[in-house]
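Colleague: Submitted below is the structure of interest, expressed as structure tokens.
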Amino acid sequence: MIADIAGIAGKIADEQGLILSFAFVGALTWLSALVSRRLTGGRINASAIAIVAALALAWWGGLLSGGKKGLADIPAFAGLALLGGAMLRDFAIVATAFEVDVLEARKAGLLGAVALTLGTIVPFSLGVAIAWSYGYRDPVSLTTLGAGAVTYIVGPVTGAALGASSPVVALSIAIGVLKAVLVMVLTPMVARFIGLDNPRSAMAFGGLMGTVSGVAGGLAATDQRLVPYGALTATFHTGIGCLFCPSVFFLIVSAIA
């Protein structure tokens, strides 16, 4: 009987890896929500707990398998490679944007444009300055690490375009993930003090912070109705970073460094 069950489970893992990965992520999300509610009283968003837990599991999976894709290198969890890939990520972002009320979005106007500009330039500059203080001097590494401070997507995109080393690219991702978790955790705590209670302020906030996952998770813990607006400008922020960091910003850093 046990052998039959094991055989069925193995067949499901081999043939239905994506479905199994959905179930796994759903279980992790449910447990994170339970931990958030029972242990932190909702003060730490469940999404932040889920991200930290997923990173720990990815590290454990990579250590166990010796591969480079975390849990996805373990055959039973191979579907996570597709679930966590760019295709479904972009689909989720586009689906979120469909919840936006165009009339409300237009109210952001100049404020949204200024937020996007500052939200790209300021973290990039801080990232470059911190990288310089830690001894990095070549323009490629400085630009890649600065891009990681914009978002954890812009960092590796910039690093791949400029030919940065693998450790630098990995560090840029780590910087972006740290930023996403901090934004996710701190947003509900500061929302009342910064007037984060309407679509216009949510769009400005999304443009300033930039990280889609951090903004979406933080706004979900603050007011779920604001999530599409923050995610909309945060998505534009990612696109702007991917466009300017490997090109204009790299040329500026090269000229200065």
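We name chains A, B, ... following the order of the structure tokens; residues begin at 1 in each chain, and ligands are numbered from 1 as shown.
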Quick one: everything within 12 Å of Leu178 of chain A, counting only C-alpha atoms, minus sequence neighbours fewer than 3 positions away in the same chain. Send it as a PyMOL selection string.

Modeller: chain A and resi 48+51-52+55+148-152+171-175+181-185+211+213-214

Colleague: Can those selected residues be exported to a file as an mmCIF file, in the first residue's frame so that it contains C-alpha atoms?

Modeller:
data_model
loop_
_atom_site.group_PDB
_atom_site.id
_atom_site.type_symbol
_atom_site.label_atom_id
_atom_site.label_comp_id
_atom_site.auth_asym_id
_atom_site.auth_seq_id
_atom_site.Cartn_x
_atom_site.Cartn_y
_atom_site.Cartn_z
ATOM 1 C CA ALA A 48 7.132 39.192 3.887
ATOM 2 C CA ILE A 51 9.376 35.554 0.925
ATOM 3 C CA VAL A 52 11.852 34.968 3.756
ATOM 4 C CA LEU A 55 14.473 32.173 0.311
ATOM 5 C CA GLY A 148 20.083 46.168 -7.603
ATOM 6 C CA ALA A 149 19.108 48.943 -5.210
ATOM 7 C CA VAL A 150 16.463 49.994 -7.743
ATOM 8 C CA THR A 151 14.877 46.507 -7.779
ATOM 9 C CA TYR A 152 16.074 42.917 -7.684
ATOM 10 C CA LEU A 171 24.753 40.602 -4.579
ATOM 11 C CA SER A 172 22.584 42.962 -6.639
ATOM 12 C CA ILE A 173 19.684 40.508 -6.338
ATOM 13 C CA ALA A 174 20.247 40.257 -2.571
ATOM 14 C CA ILE A 175 20.147 44.050 -2.260
ATOM 15 C CA VAL A 181 11.177 42.836 2.297
ATOM 16 C CA LEU A 182 11.799 46.133 4.105
ATOM 17 C CA VAL A 183 9.192 47.947 2.009
ATOM 18 C CA MET A 184 6.717 45.127 2.585
ATOM 19 C CA VAL A 185 7.198 45.125 6.361
ATOM 20 C CA THR A 211 9.787 47.105 -6.009
ATOM 21 C CA SER A 213 6.509 42.684 -4.725
ATOM 22 C CA GLY A 214 7.394 44.990 -1.828
#

Colleague: Please identify all polymer residues within 12 Å of Ser141 of chain A, counting only C-alpha atoms, omitting same-chain residues fewer than 5 positions from it, and present them as a PyMOL selection string.

Modeller: chain A and resi 127-132+134-136+146-148+155-156+158-172+245-246+250+253-254+257

Colleague: Produce a file of the selected residues containing C-alpha atoms, as a short mmCIF file (atom, residue, chain, number, x, y, z; two decimals), in the first residue's frame.

Modeller:
data_model
loop_
_atom_site.label_atom_id
_atom_site.label_comp_id
_atom_site.auth_asym_id
_atom_site.auth_seq_id
_atom_site.Cartn_x
_atom_site.Cartn_y
_atom_site.Cartn_z
CA GLY A 127 23.56 51.83 -4.22
CA VAL A 128 26.57 53.11 -6.16
CA ALA A 129 27.79 55.13 -3.17
CA ILE A 130 27.54 52.16 -0.81
CA ALA A 131 29.25 49.87 -3.35
CA TRP A 132 32.06 52.44 -3.67
CA TYR A 134 32.91 48.78 0.13
CA GLY A 135 35.77 48.97 -2.32
CA TYR A 136 34.14 48.45 -5.72
CA GLY A 146 23.28 50.45 -7.99
CA ALA A 147 20.70 48.84 -10.25
CA GLY A 148 20.08 46.17 -7.60
CA GLY A 155 20.07 44.42 -10.95
CA PRO A 156 20.53 41.12 -12.82
CA THR A 158 21.82 45.32 -15.87
CA GLY A 159 24.53 42.86 -14.82
CA ALA A 160 23.75 40.55 -17.76
CA ALA A 161 23.79 43.45 -20.21
CA LEU A 162 27.13 44.77 -18.95
CA GLY A 163 28.83 41.43 -18.37
CA ALA A 164 29.14 41.71 -14.57
CA SER A 165 30.57 38.80 -12.59
CA SER A 166 28.25 36.23 -11.03
CA PRO A 167 29.02 37.29 -7.40
CA VAL A 168 28.19 40.91 -8.23
CA VAL A 169 24.93 39.92 -9.94
CA ALA A 170 24.00 37.73 -6.96
CA LEU A 171 24.75 40.60 -4.58
CA SER A 172 22.58 42.96 -6.64
CA CYS A 245 20.64 51.56 -15.76
CA PRO A 246 22.62 49.58 -18.41
CA PHE A 250 26.35 53.23 -16.87
CA VAL A 253 29.13 56.11 -13.73
CA SER A 254 31.91 55.37 -16.24
CA ALA A 257 34.60 56.55 -11.92
#

Colleague: Rounded to one decimal in Å, what is the spacing between atom CA of Arg37 of chain A and atom CA of Met203 of chain A?

Modeller: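 Separating atom CA of Arg37 of chain A from atom CA of Met203 of chain A is a distance of 27.6 Å.
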
Colleague: Between A:Arg43, A:Ser125, A:Leu18, A:Ile49, which has the minimum distance to Ala81 of chain A (counting only C-alpha atoms)?

Modeller: A:Leu18

Colleague: Could you name the residues that touch Leu186 of chain A at 12 Å or less, counting only C-alpha atoms, but leaving out those on the same chain fewer than 4 positions away, as a ChimeraX atom specification?

Modeller: /A:43-45,48,179-182,190-194,209,214-215,217-219,221-222

Colleague: Go through A:Arg200, A:Leu80, A:Ala54, A:Leu208 and flag the residue nearest Leu28 of chain A, using only C-alpha atoms for the distances.

Modeller: A:Ala54

Colleague: Taking only C-alpha atoms into account, name the residue in A:Ile240, A:Ala56, A:Val114, A:Met189 that is nearest to Phe205 of chain A.

Modeller: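 Going through A:Ile240, A:Ala56, A:Val114, A:Met189 one by one, the smallest distance to Phe205 of chain A is for A:Val114.
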
Colleague: In Å, how far is it from atom CA of Leu82 of chain A to atom CA of Gln16 of chain A?

Modeller: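 Atom CA of Gln16 of chain A lies 11.9 Å from atom CA of Leu82 of chain A.
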
Colleague: Do you have the atom CA of Leu39 of chain A-atom CA of Gly26 of chain A distance handy?

Modeller: 19.5 Å

Colleague: I need the residues of segment 128-208 of chain A that end up classed as alpha helix (DSSP H) by DSSP on the backbone, written out as number ranges by chain.

Modeller: A: 128-133, 139-150, 154-162, 166-190, 199-208
